[in-house]
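Undergrad: Sharing data.pdb (PDB, C-alpha atoms) below.
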```
ATOM      1  CA  LYS A   1      -7.490  10.713 -13.720  1.00  0.00           C
ATOM      2  CA  GLN A   2      -8.402   8.341 -10.894  1.00  0.00           C
ATOM      3  CA  GLU A   3      -7.519   9.976  -7.598  1.00  0.00           C
ATOM      4  CA  VAL A   4      -8.111   9.104  -3.954  1.00  0.00           C
ATOM      5  CA  THR A   5      -8.197  11.834  -1.327  1.00  0.00           C
ATOM      6  CA  GLN A   6      -8.252  11.560   2.447  1.00  0.00           C
ATOM      7  CA  ILE A   7      -9.370  14.257   4.845  1.00  0.00           C
ATOM      8  CA  PRO A   8      -8.196  15.248   7.362  1.00  0.00           C
ATOM      9  CA  ALA A   9      -4.471  14.736   6.864  1.00  0.00           C
ATOM     10  CA  ALA A  10      -4.006  14.558  10.624  1.00  0.00           C
ATOM     11  CA  LEU A  11      -6.309  14.134  13.582  1.00  0.00           C
ATOM     12  CA  SER A  12      -5.768  14.196  17.337  1.00  0.00           C
ATOM     13  CA  VAL A  13      -8.468  13.013  19.723  1.00  0.00           C
ATOM     14  CA  PRO A  14      -8.715  12.109  23.408  1.00  0.00           C
ATOM     15  CA  GLU A  15      -8.995   8.467  24.363  1.00  0.00           C
ATOM     16  CA  GLY A  16     -12.525   7.080  24.307  1.00  0.00           C
ATOM     17  CA  GLU A  17     -13.819   9.356  21.579  1.00  0.00           C
ATOM     18  CA  ASN A  18     -15.603   7.996  18.507  1.00  0.00           C
ATOM     19  CA  LEU A  19     -14.132   9.271  15.253  1.00  0.00           C
ATOM     20  CA  VAL A  20     -14.621   9.189  11.499  1.00  0.00           C
ATOM     21  CA  LEU A  21     -11.975   9.179   8.788  1.00  0.00           C
ATOM     22  CA  ASN A  22     -12.953  10.151   5.268  1.00  0.00           C
ATOM     23  CA  CYS A  23     -11.898   8.887   1.866  1.00  0.00           C
ATOM     24  CA  SER A  24     -13.132  10.197  -1.486  1.00  0.00           C
ATOM     25  CA  PHE A  25     -12.461   8.925  -4.992  1.00  0.00           C
ATOM     26  CA  THR A  26     -13.015  10.581  -8.353  1.00  0.00           C
ATOM     27  CA  ASP A  27     -14.240   7.608 -10.397  1.00  0.00           C
ATOM     28  CA  SER A  28     -17.260   5.750  -9.007  1.00  0.00           C
ATOM     29  CA  ALA A  29     -16.668   2.622 -11.116  1.00  0.00           C
ATOM     30  CA  ILE A  30     -14.711   0.901  -8.379  1.00  0.00           C
ATOM     31  CA  TYR A  31     -14.256  -2.851  -7.892  1.00  0.00           C
ATOM     32  CA  ASN A  32     -13.568  -2.681  -4.162  1.00  0.00           C
ATOM     33  CA  LEU A  33     -12.086  -0.434  -1.498  1.00  0.00           C
ATOM     34  CA  GLN A  34      -9.719  -1.304   1.344  1.00  0.00           C
ATOM     35  CA  TRP A  35      -8.741   0.435   4.539  1.00  0.00           C
ATOM     36  CA  PHE A  36      -5.207  -0.130   5.812  1.00  0.00           C
ATOM     37  CA  ARG A  37      -3.328   0.832   8.931  1.00  0.00           C
ATOM     38  CA  GLN A  38       0.369   1.751   8.872  1.00  0.00           C
ATOM     39  CA  ASP A  39       2.448   2.000  12.023  1.00  0.00           C
ATOM     40  CA  PRO A  40       5.688   4.033  11.963  1.00  0.00           C
ATOM     41  CA  GLY A  41       8.503   2.167  10.248  1.00  0.00           C
ATOM     42  CA  LYS A  42       6.298  -0.758   9.355  1.00  0.00           C
ATOM     43  CA  GLY A  43       4.291  -2.097   6.475  1.00  0.00           C
ATOM     44  CA  LEU A  44       0.569  -1.838   5.911  1.00  0.00           C
ATOM     45  CA  THR A  45      -1.997  -4.006   7.655  1.00  0.00           C
ATOM     46  CA  SER A  46      -5.349  -4.556   5.971  1.00  0.00           C
ATOM     47  CA  LEU A  47      -8.288  -3.634   8.214  1.00  0.00           C
ATOM     48  CA  LEU A  48     -11.394  -3.953   6.076  1.00  0.00           C
ATOM     49  CA  LEU A  49     -12.236  -4.678   2.451  1.00  0.00           C
ATOM     50  CA  ILE A  50     -15.576  -3.570   0.980  1.00  0.00           C
ATOM     51  CA  GLN A  51     -16.752  -4.932  -2.352  1.00  0.00           C
ATOM     52  CA  SER A  52     -18.503  -2.537  -4.717  1.00  0.00           C
ATOM     53  CA  SER A  53     -21.799  -4.342  -4.069  1.00  0.00           C
ATOM     54  CA  GLN A  54     -21.568  -3.822  -0.305  1.00  0.00           C
ATOM     55  CA  ARG A  55     -22.534  -0.811   1.776  1.00  0.00           C
ATOM     56  CA  GLU A  56     -20.457  -1.511   4.865  1.00  0.00           C
ATOM     57  CA  GLN A  57     -18.129  -3.882   6.654  1.00  0.00           C
ATOM     58  CA  THR A  58     -17.488  -4.256  10.378  1.00  0.00           C
ATOM     59  CA  SER A  59     -14.614  -5.667  12.385  1.00  0.00           C
ATOM     60  CA  GLY A  60     -14.631  -5.140  16.122  1.00  0.00           C
ATOM     61  CA  ARG A  61     -14.614  -1.417  16.851  1.00  0.00           C
ATOM     62  CA  LEU A  62     -14.150  -0.575  13.171  1.00  0.00           C
ATOM     63  CA  ASN A  63     -16.897   0.063  10.662  1.00  0.00           C
ATOM     64  CA  ALA A  64     -16.298   1.054   7.058  1.00  0.00           C
ATOM     65  CA  SER A  65     -19.014   2.330   4.773  1.00  0.00           C
ATOM     66  CA  LEU A  66     -19.072   2.802   1.022  1.00  0.00           C
ATOM     67  CA  ASP A  67     -21.207   5.153  -1.071  1.00  0.00           C
ATOM     68  CA  LYS A  68     -20.215   4.670  -4.686  1.00  0.00           C
ATOM     69  CA  SER A  69     -22.616   7.253  -6.074  1.00  0.00           C
ATOM     70  CA  SER A  70     -21.033  10.032  -4.060  1.00  0.00           C
ATOM     71  CA  GLY A  71     -17.511   8.622  -4.347  1.00  0.00           C
ATOM     72  CA  ARG A  72     -16.996   8.358  -0.620  1.00  0.00           C
ATOM     73  CA  SER A  73     -16.010   5.909   2.089  1.00  0.00           C
ATOM     74  CA  THR A  74     -15.760   6.448   5.814  1.00  0.00           C
ATOM     75  CA  LEU A  75     -13.938   4.518   8.517  1.00  0.00           C
ATOM     76  CA  TYR A  76     -15.608   4.779  11.894  1.00  0.00           C
ATOM     77  CA  ILE A  77     -13.573   3.931  14.986  1.00  0.00           C
ATOM     78  CA  ALA A  78     -15.550   3.497  18.186  1.00  0.00           C
ATOM     79  CA  ALA A  79     -14.164   4.161  21.647  1.00  0.00           C
ATOM     80  CA  SER A  80     -10.690   5.072  20.408  1.00  0.00           C
ATOM     81  CA  GLN A  81      -7.611   3.858  22.281  1.00  0.00           C
ATOM     82  CA  PRO A  82      -3.980   5.043  22.285  1.00  0.00           C
ATOM     83  CA  GLY A  83      -3.111   1.827  20.458  1.00  0.00           C
ATOM     84  CA  ASP A  84      -5.210   3.046  17.520  1.00  0.00           C
ATOM     85  CA  SER A  85      -2.622   5.751  16.855  1.00  0.00           C
ATOM     86  CA  ALA A  86      -1.287   5.172  13.335  1.00  0.00           C
ATOM     87  CA  THR A  87      -1.689   6.335   9.750  1.00  0.00           C
ATOM     88  CA  TYR A  88      -4.856   5.093   8.073  1.00  0.00           C
ATOM     89  CA  LEU A  89      -4.885   4.672   4.305  1.00  0.00           C
ATOM     90  CA  CYS A  90      -7.719   3.884   1.963  1.00  0.00           C
ATOM     91  CA  ALA A  91      -7.069   2.223  -1.369  1.00  0.00           C
ATOM     92  CA  VAL A  92      -9.362   1.778  -4.343  1.00  0.00           C
ATOM     93  CA  ARG A  93      -9.275  -0.987  -6.910  1.00  0.00           C
ATOM     94  CA  TYR A  94     -11.019  -0.190 -10.155  1.00  0.00           C
ATOM     95  CA  GLY A  95     -12.663  -2.674 -12.474  1.00  0.00           C
ATOM     96  CA  GLY A  96     -11.383  -4.022 -15.714  1.00  0.00           C
ATOM     97  CA  ALA A  97      -8.209  -5.985 -16.172  1.00  0.00           C
ATOM     98  CA  THR A  98      -6.152  -4.036 -13.687  1.00  0.00           C
ATOM     99  CA  ASN A  99      -5.306  -5.247 -10.207  1.00  0.00           C
ATOM    100  CA  LYS A 100      -3.838  -1.924  -9.196  1.00  0.00           C
ATOM    101  CA  LEU A 101      -4.628  -0.338  -5.874  1.00  0.00           C
ATOM    102  CA  ILE A 102      -4.712   3.460  -5.905  1.00  0.00           C
ATOM    103  CA  PHE A 103      -3.883   4.768  -2.450  1.00  0.00           C
ATOM    104  CA  GLY A 104      -4.973   7.904  -0.701  1.00  0.00           C
ATOM    105  CA  THR A 105      -2.433  10.066   1.098  1.00  0.00           C
ATOM    106  CA  GLY A 106      -3.523   8.858   4.516  1.00  0.00           C
ATOM    107  CA  THR A 107      -4.772  10.307   7.799  1.00  0.00           C
ATOM    108  CA  LEU A 108      -2.342  10.410  10.714  1.00  0.00           C
ATOM    109  CA  LEU A 109      -4.323   9.642  13.860  1.00  0.00           C
ATOM    110  CA  ALA A 110      -3.107  10.355  17.382  1.00  0.00           C
ATOM    111  CA  VAL A 111      -5.219   9.173  20.307  1.00  0.00           C
ATOM    112  CA  GLN A 112      -4.197  10.946  23.489  1.00  0.00           C
ATOM    113  CA  PRO A 113      -4.371   8.979  26.765  1.00  0.00           C
TER     114      PRO A 113
ATOM    115  CA  ASP B   1       3.348 -18.206   8.146  1.00  0.00           C
ATOM    116  CA  ALA B   2       6.121 -15.632   8.512  1.00  0.00           C
ATOM    117  CA  GLY B   3       4.379 -13.130   6.264  1.00  0.00           C
ATOM    118  CA  VAL B   4       6.042 -11.240   3.440  1.00  0.00           C
ATOM    119  CA  ILE B   5       9.788 -10.969   4.014  1.00  0.00           C
ATOM    120  CA  GLN B   6      11.896  -8.150   2.633  1.00  0.00           C
ATOM    121  CA  SER B   7      15.618  -7.556   2.762  1.00  0.00           C
ATOM    122  CA  PRO B   8      17.504  -5.493   3.531  1.00  0.00           C
ATOM    123  CA  ARG B   9      15.414  -3.402   5.929  1.00  0.00           C
ATOM    124  CA  HIS B  10      17.674  -0.406   5.439  1.00  0.00           C
ATOM    125  CA  GLU B  11      20.027   0.429   2.597  1.00  0.00           C
ATOM    126  CA  VAL B  12      22.301   3.433   2.296  1.00  0.00           C
ATOM    127  CA  THR B  13      24.245   3.810  -0.909  1.00  0.00           C
ATOM    128  CA  GLU B  14      25.937   6.421  -3.007  1.00  0.00           C
ATOM    129  CA  MET B  15      24.605   7.849  -6.227  1.00  0.00           C
ATOM    130  CA  GLY B  16      25.494   5.719  -9.201  1.00  0.00           C
ATOM    131  CA  GLN B  17      25.638   2.449  -7.317  1.00  0.00           C
ATOM    132  CA  GLU B  18      23.464  -0.563  -8.064  1.00  0.00           C
ATOM    133  CA  VAL B  19      20.817  -1.423  -5.490  1.00  0.00           C
ATOM    134  CA  THR B  20      18.959  -4.735  -5.221  1.00  0.00           C
ATOM    135  CA  LEU B  21      15.929  -5.167  -3.021  1.00  0.00           C
ATOM    136  CA  ARG B  22      14.588  -8.620  -2.247  1.00  0.00           C
ATOM    137  CA  CYS B  23      11.185 -10.039  -1.426  1.00  0.00           C
ATOM    138  CA  LYS B  24       9.813 -13.411  -0.393  1.00  0.00           C
ATOM    139  CA  PRO B  25       6.011 -13.543  -0.723  1.00  0.00           C
ATOM    140  CA  ILE B  26       3.664 -15.577   1.419  1.00  0.00           C
ATOM    141  CA  SER B  27       3.711 -19.193   0.305  1.00  0.00           C
ATOM    142  CA  GLY B  28       0.840 -19.995  -2.036  1.00  0.00           C
ATOM    143  CA  HIS B  29       0.180 -16.414  -3.088  1.00  0.00           C
ATOM    144  CA  ASP B  30       0.033 -15.995  -6.856  1.00  0.00           C
ATOM    145  CA  TYR B  31       0.364 -12.217  -6.995  1.00  0.00           C
ATOM    146  CA  LEU B  32       3.316 -10.081  -6.006  1.00  0.00           C
ATOM    147  CA  PHE B  33       3.380  -6.291  -5.969  1.00  0.00           C
ATOM    148  CA  TRP B  34       6.204  -3.763  -5.605  1.00  0.00           C
ATOM    149  CA  TYR B  35       5.312  -0.291  -4.222  1.00  0.00           C
ATOM    150  CA  ARG B  36       7.271   2.850  -3.458  1.00  0.00           C
ATOM    151  CA  GLN B  37       6.299   5.283  -0.698  1.00  0.00           C
ATOM    152  CA  THR B  38       7.491   8.889  -0.470  1.00  0.00           C
ATOM    153  CA  MET B  39       6.215  11.906   1.398  1.00  0.00           C
ATOM    154  CA  MET B  40       5.557  13.759  -1.845  1.00  0.00           C
ATOM    155  CA  ARG B  41       3.809  11.049  -3.843  1.00  0.00           C
ATOM    156  CA  GLY B  42       2.483   8.654  -1.225  1.00  0.00           C
ATOM    157  CA  LEU B  43       2.225   4.964  -2.106  1.00  0.00           C
ATOM    158  CA  GLU B  44       2.645   4.114  -5.783  1.00  0.00           C
ATOM    159  CA  LEU B  45       2.485   0.751  -7.493  1.00  0.00           C
ATOM    160  CA  LEU B  46       5.628   0.089  -9.504  1.00  0.00           C
ATOM    161  CA  ILE B  47       4.982  -3.361 -10.951  1.00  0.00           C
ATOM    162  CA  TYR B  48       3.073  -6.536 -10.231  1.00  0.00           C
ATOM    163  CA  PHE B  49       3.472 -10.200 -11.137  1.00  0.00           C
ATOM    164  CA  ASN B  50       0.998 -13.033 -11.538  1.00  0.00           C
ATOM    165  CA  ASN B  51       2.436 -16.542 -11.357  1.00  0.00           C
ATOM    166  CA  ASN B  52       5.940 -15.072 -11.742  1.00  0.00           C
ATOM    167  CA  VAL B  53       5.027 -13.191 -14.939  1.00  0.00           C
ATOM    168  CA  PRO B  54       5.135  -9.361 -14.974  1.00  0.00           C
ATOM    169  CA  ILE B  55       1.643  -8.117 -15.771  1.00  0.00           C
ATOM    170  CA  ASP B  56       1.812  -4.349 -15.412  1.00  0.00           C
ATOM    171  CA  ASP B  57       5.027  -2.374 -15.149  1.00  0.00           C
ATOM    172  CA  SER B  58       3.568   0.984 -16.107  1.00  0.00           C
ATOM    173  CA  GLY B  59       4.480   2.387 -12.699  1.00  0.00           C
ATOM    174  CA  MET B  60       8.197   1.731 -13.098  1.00  0.00           C
ATOM    175  CA  PRO B  61       9.611   5.255 -13.251  1.00  0.00           C
ATOM    176  CA  GLU B  62      12.524   4.746 -15.621  1.00  0.00           C
ATOM    177  CA  ASP B  63      14.662   2.184 -17.368  1.00  0.00           C
ATOM    178  CA  ARG B  64      16.972   2.326 -14.376  1.00  0.00           C
ATOM    179  CA  PHE B  65      14.391   0.241 -12.531  1.00  0.00           C
ATOM    180  CA  SER B  66      13.922  -3.454 -13.248  1.00  0.00           C
ATOM    181  CA  ALA B  67      12.140  -6.284 -11.445  1.00  0.00           C
ATOM    182  CA  LYS B  68      12.297 -10.036 -11.745  1.00  0.00           C
ATOM    183  CA  MET B  69      10.529 -13.004 -10.257  1.00  0.00           C
ATOM    184  CA  PRO B  70      12.553 -16.118 -11.096  1.00  0.00           C
ATOM    185  CA  ASN B  71      10.316 -18.381  -9.008  1.00  0.00           C
ATOM    186  CA  ALA B  72       7.202 -18.293  -6.850  1.00  0.00           C
ATOM    187  CA  SER B  73       9.120 -17.586  -3.665  1.00  0.00           C
ATOM    188  CA  PHE B  74      11.494 -14.801  -4.674  1.00  0.00           C
ATOM    189  CA  SER B  75      11.480 -11.431  -6.390  1.00  0.00           C
ATOM    190  CA  THR B  76      13.997  -8.637  -6.815  1.00  0.00           C
ATOM    191  CA  LEU B  77      13.735  -4.959  -7.596  1.00  0.00           C
ATOM    192  CA  LYS B  78      16.926  -3.483  -8.979  1.00  0.00           C
ATOM    193  CA  ILE B  79      17.921   0.138  -9.469  1.00  0.00           C
ATOM    194  CA  GLN B  80      20.966   0.783 -11.637  1.00  0.00           C
ATOM    195  CA  PRO B  81      22.341   3.414 -11.429  1.00  0.00           C
ATOM    196  CA  SER B  82      20.713   4.792  -8.294  1.00  0.00           C
ATOM    197  CA  GLU B  83      19.979   8.510  -7.827  1.00  0.00           C
ATOM    198  CA  PRO B  84      19.143  10.582  -4.721  1.00  0.00           C
ATOM    199  CA  ARG B  85      15.531  10.961  -5.892  1.00  0.00           C
ATOM    200  CA  ASP B  86      15.134   7.194  -5.610  1.00  0.00           C
ATOM    201  CA  SER B  87      15.303   7.543  -1.821  1.00  0.00           C
ATOM    202  CA  ALA B  88      12.048   6.110  -0.477  1.00  0.00           C
ATOM    203  CA  VAL B  89      10.555   3.146   1.321  1.00  0.00           C
ATOM    204  CA  TYR B  90       9.977   0.225  -1.028  1.00  0.00           C
ATOM    205  CA  PHE B  91       7.275  -2.271  -0.108  1.00  0.00           C
ATOM    206  CA  CYS B  92       6.556  -5.702  -1.425  1.00  0.00           C
ATOM    207  CA  ALA B  93       3.073  -7.218  -1.064  1.00  0.00           C
ATOM    208  CA  SER B  94       1.473 -10.494  -2.055  1.00  0.00           C
ATOM    209  CA  SER B  95      -2.073 -11.805  -2.417  1.00  0.00           C
ATOM    210  CA  LEU B  96      -3.919 -15.027  -3.208  1.00  0.00           C
ATOM    211  CA  SER B  97      -5.669 -13.466  -6.169  1.00  0.00           C
ATOM    212  CA  GLY B  98      -5.703 -10.122  -7.907  1.00  0.00           C
ATOM    213  CA  GLU B  99      -8.802  -8.988  -6.059  1.00  0.00           C
ATOM    214  CA  ALA B 100      -7.940 -10.337  -2.625  1.00  0.00           C
ATOM    215  CA  THR B 101      -6.414  -8.561   0.319  1.00  0.00           C
ATOM    216  CA  GLN B 102      -2.779  -7.658  -0.178  1.00  0.00           C
ATOM    217  CA  TYR B 103      -0.337  -8.492   2.615  1.00  0.00           C
ATOM    218  CA  PHE B 104       2.570  -6.106   2.915  1.00  0.00           C
ATOM    219  CA  GLY B 105       6.139  -6.689   3.999  1.00  0.00           C
ATOM    220  CA  PRO B 106       7.904  -4.352   6.452  1.00  0.00           C
ATOM    221  CA  GLY B 107       9.558  -2.391   3.645  1.00  0.00           C
ATOM    222  CA  THR B 108      13.100  -1.422   2.713  1.00  0.00           C
ATOM    223  CA  ARG B 109      14.144   2.125   3.517  1.00  0.00           C
ATOM    224  CA  LEU B 110      16.511   3.221   0.748  1.00  0.00           C
ATOM    225  CA  THR B 111      18.718   6.280   1.069  1.00  0.00           C
ATOM    226  CA  VAL B 112      20.807   7.333  -1.914  1.00  0.00           C
ATOM    227  CA  LEU B 113      23.443   9.922  -1.043  1.00  0.00           C
TER     228      LEU B 113
END
```
For this file, produce the structure as structure tokens.
TA:
Amino acid sequence: KQEVTQIPAALSVPEGENLVLNCSFTDSAIYNLQWFRQDPGKGLTSLLLIQSSQREQTSGRLNASLDKSSGRSTLYIAASQPGDSATYLCAVRYGGATNKLIFGTGTLLAVQP
Amino acid sequence: DAGVIQSPRHEVTEMGQEVTLRCKPISGHDYLFWYRQTMMRGLELLIYFNNNVPIDDSGMPEDRFSAKMPNASFSTLKIQPSEPRDSAVYFCASSLSGEATQYFGPGTRLTVL
């Protein structure tokens, strides 16, 4: 069964700290992987998309890495800010004919001012 | 563009009643996805359409659930009859292609009493 796991489930850090969120997946035959942000009561916002052929993607203070062989992805947030507080979800798309995204359970991040 | 539009934002109904959720995708997007989010099961794909045609409905939980896409700018998800365990947030998302970034609507919070 294709599963996506995120650790930790919740994280609280002081403002300015660099942090890493983890995502692991059971099947390494992925097509791509996406990181999303979800604010309370709102939909998901795509942050970064990494193709299976890529090792990392960067956008501003965010950097996502992908290691297919170990079934892991990390989202690195530099110099965290209170506005980064949200739930972060990773989602994996596997190859073949499917266009399904399989989501992890998310990491709830709180950045304390 | 206004993004993906969903209505209603909140719906409270009684068990046994019919519920219809609505979605307007981003103009020009060929793919439309319906998801359900609960605390217990996280985000799950229910069904997705390509060019208004249902491609994969394997995530639809029961025959009580049905979805339609009569044209490129409108889709509905219907639950008849509704049950308390259907209470969840239902998201609609759209994308330019099956592999591209999915853009999510704000969701409909459904409560079945």
Undergrad: Determine, counting only C-alpha atoms, which protein, DNA and RNA residues have an atom within 10 Å of an atom of Asp39 of chain A; residues of the same chain fewer than 5 positions away are not included. Present the result as a list in words.
TA: Leu44, Thr45, Asp84, Ser85, Ala86, Thr87, Tyr88 and Leu108 of chain A
Undergrad: Starting from chain B, keep only residues with some atom at most 12 Å from an atom of chain A, counting all atoms listed in the file, and report them as a ChimeraX atom specification.
TA: /B:3-6,9-10,31-50,55-59,88-95,97-109
Undergrad: Using all atoms of segment 79-88 of chain B listed in the file and a margin of 3 Å per side, can you give the axis-aligned box centre and edge lengths in Å to one decimal, as lines of an AutoDock Vina configuration file?
TA:
```
center_x = 17.2
center_y = 5.5
center_z = -6.1
size_x = 16.3
size_y = 16.8
size_z = 17.2
```
Undergrad: When you look at Pro84 of chain B with a cut-off of 10 Å (counting only C-alpha atoms), what residues show up, excluding the ones that are within fewer than 5 positions of it in the same chain? I need them as a PyMOL selection string.
TA: chain B and resi 13-16+110-113
Undergrad: Would you compute the distance between atom CA of Leu19 of chain A and atom CA of Gln2 of chain A? Give it in Å to one decimal.
TA: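 Between atom CA of Leu19 of chain A and atom CA of Gln2 of chain A the gap works out to 26.8 Å.
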Undergrad: Counting all atoms listed in the file, which of A:Gln81, A:Thr74, A:Thr58, A:Val92 gets nearest to Ser12 of chain A?
TA: A:Gln81
Undergrad: Evaluating the PyMOL selection byres ((chain B and resi 68) around 12) on the displayed file yields which residues, as a compact mmCIF listing (two decimals) with C-alpha atoms, in the coordinates of the input?
TA:
```txt
# COMPACT_ATOMS: atom_id res chain seq x y z
CA THR B 20 18.96 -4.74 -5.22
CA LEU B 21 15.93 -5.17 -3.02
CA ARG B 22 14.59 -8.62 -2.25
CA CYS B 23 11.18 -10.04 -1.43
CA LEU B 32 3.32 -10.08 -6.01
CA PHE B 33 3.38 -6.29 -5.97
CA TRP B 34 6.20 -3.76 -5.60
CA ILE B 47 4.98 -3.36 -10.95
CA TYR B 48 3.07 -6.54 -10.23
CA PHE B 49 3.47 -10.20 -11.14
CA ASN B 50 1.00 -13.03 -11.54
CA ASN B 51 2.44 -16.54 -11.36
CA ASN B 52 5.94 -15.07 -11.74
CA VAL B 53 5.03 -13.19 -14.94
CA PRO B 54 5.14 -9.36 -14.97
CA ILE B 55 1.64 -8.12 -15.77
CA ASP B 57 5.03 -2.37 -15.15
CA PHE B 65 14.39 0.24 -12.53
CA SER B 66 13.92 -3.45 -13.25
CA ALA B 67 12.14 -6.28 -11.44
CA MET B 69 10.53 -13.00 -10.26
CA PRO B 70 12.55 -16.12 -11.10
CA ASN B 71 10.32 -18.38 -9.01
CA ALA B 72 7.20 -18.29 -6.85
CA SER B 73 9.12 -17.59 -3.66
CA PHE B 74 11.49 -14.80 -4.67
CA SER B 75 11.48 -11.43 -6.39
CA THR B 76 14.00 -8.64 -6.82
CA LEU B 77 13.74 -4.96 -7.60
CA LYS B 78 16.93 -3.48 -8.98
CA ILE B 79 17.92 0.14 -9.47
```
Undergrad: Name the closest residue to Glu18 of chain B among the candidates B:Glu62, B:Ala2, B:Asp30, B:Gln80; distances are taken between atoms, counting only C-alpha atoms.
TA: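 Closest to Glu18 of chain B, using only C-alpha atoms: B:Gln80.
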Undergrad: Using the chain letters and numbers from the file, which residues does the PyMOL selection byres ((chain A and resi 65) around 10) grab, as a list in words?
TA: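 Selected by the PyMOL selection byres ((chain A and resi 65) around 10) in this file: Asn22, Leu33, Leu48, Ile50, Gln54, Arg55, Glu56, Gln57, Thr58, Asn63, Ala64, Leu66, Asp67, Lys68, Arg72, Ser73, Thr74, Leu75 and Tyr76 of chain A.
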Undergrad: Written as a ChimeraX atom specification, which residues does the PyMOL selection byres ((chain A and resi 16) around 12) give for the file shown?
TA: /A:13-15,17-19,61,77-84,111-113
Undergrad: For atom CA of Pro61 of chain B and atom CA of Pro8 of chain B, quote the distance in Å rounded to one decimal.
TA: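 Pair atom CA of Pro61 of chain B / atom CA of Pro8 of chain B returns 21.4 Å.
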Undergrad: Please compute the atom CA of Arg37 of chain A-atom CA of Val12 of chain B distance, one decimal, in Å.
TA: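 If I compute the distance from atom CA of Arg37 of chain A to atom CA of Val12 of chain B, I get 26.6 Å.
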Undergrad: Could you pull segment 16-21 of chain B out of the block above and save it with all heavy atoms, as a CSV table (one decimal), in the first residue's frame?
TA:
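Output below, filename result10.csv:
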```csv
chain,number,residue,atom,x,y,z
B,16,GLY,N,-30.0,12.1,6.4
B,16,GLY,CA,-31.1,11.7,5.5
B,16,GLY,C,-31.3,12.8,4.4
B,16,GLY,O,-32.0,12.4,3.4
B,17,GLN,N,-30.9,14.0,4.6
B,17,GLN,CA,-31.1,15.0,3.6
B,17,GLN,C,-30.1,14.9,2.5
B,17,GLN,O,-29.0,14.4,2.6
B,17,GLN,CB,-31.0,16.4,4.2
B,17,GLN,CG,-32.1,16.7,5.3
B,17,GLN,CD,-33.5,16.6,4.7
B,17,GLN,OE1,-33.8,17.3,3.7
B,17,GLN,NE2,-34.4,15.8,5.3
B,18,GLU,N,-30.5,15.5,1.3
B,18,GLU,CA,-29.6,15.6,0.2
B,18,GLU,C,-28.7,16.8,0.3
B,18,GLU,O,-29.2,17.9,0.7
B,18,GLU,CB,-30.4,15.6,-1.1
B,18,GLU,CG,-29.5,15.7,-2.4
B,18,GLU,CD,-30.4,15.8,-3.6
B,18,GLU,OE1,-31.0,14.8,-3.9
B,18,GLU,OE2,-30.3,16.8,-4.3
B,19,VAL,N,-27.4,16.6,0.0
B,19,VAL,CA,-26.5,17.7,0.0
B,19,VAL,C,-25.8,17.9,-1.3
B,19,VAL,O,-25.4,16.9,-1.9
B,19,VAL,CB,-25.4,17.5,1.1
B,19,VAL,CG1,-24.4,18.6,1.1
B,19,VAL,CG2,-26.0,17.4,2.5
B,20,THR,N,-25.7,19.1,-1.8
B,20,THR,CA,-25.0,19.3,-3.1
B,20,THR,C,-24.0,20.4,-2.9
B,20,THR,O,-24.2,21.5,-2.5
B,20,THR,CB,-26.0,19.8,-4.2
B,20,THR,OG1,-27.0,18.8,-4.4
B,20,THR,CG2,-25.3,20.1,-5.5
B,21,LEU,N,-22.7,20.0,-3.2
B,21,LEU,CA,-21.6,20.9,-3.1
B,21,LEU,C,-21.2,21.3,-4.6
B,21,LEU,O,-21.3,20.5,-5.5
B,21,LEU,CB,-20.4,20.3,-2.4
B,21,LEU,CG,-20.7,19.5,-1.1
B,21,LEU,CD1,-19.5,19.0,-0.5
B,21,LEU,CD2,-21.4,20.5,-0.1
```
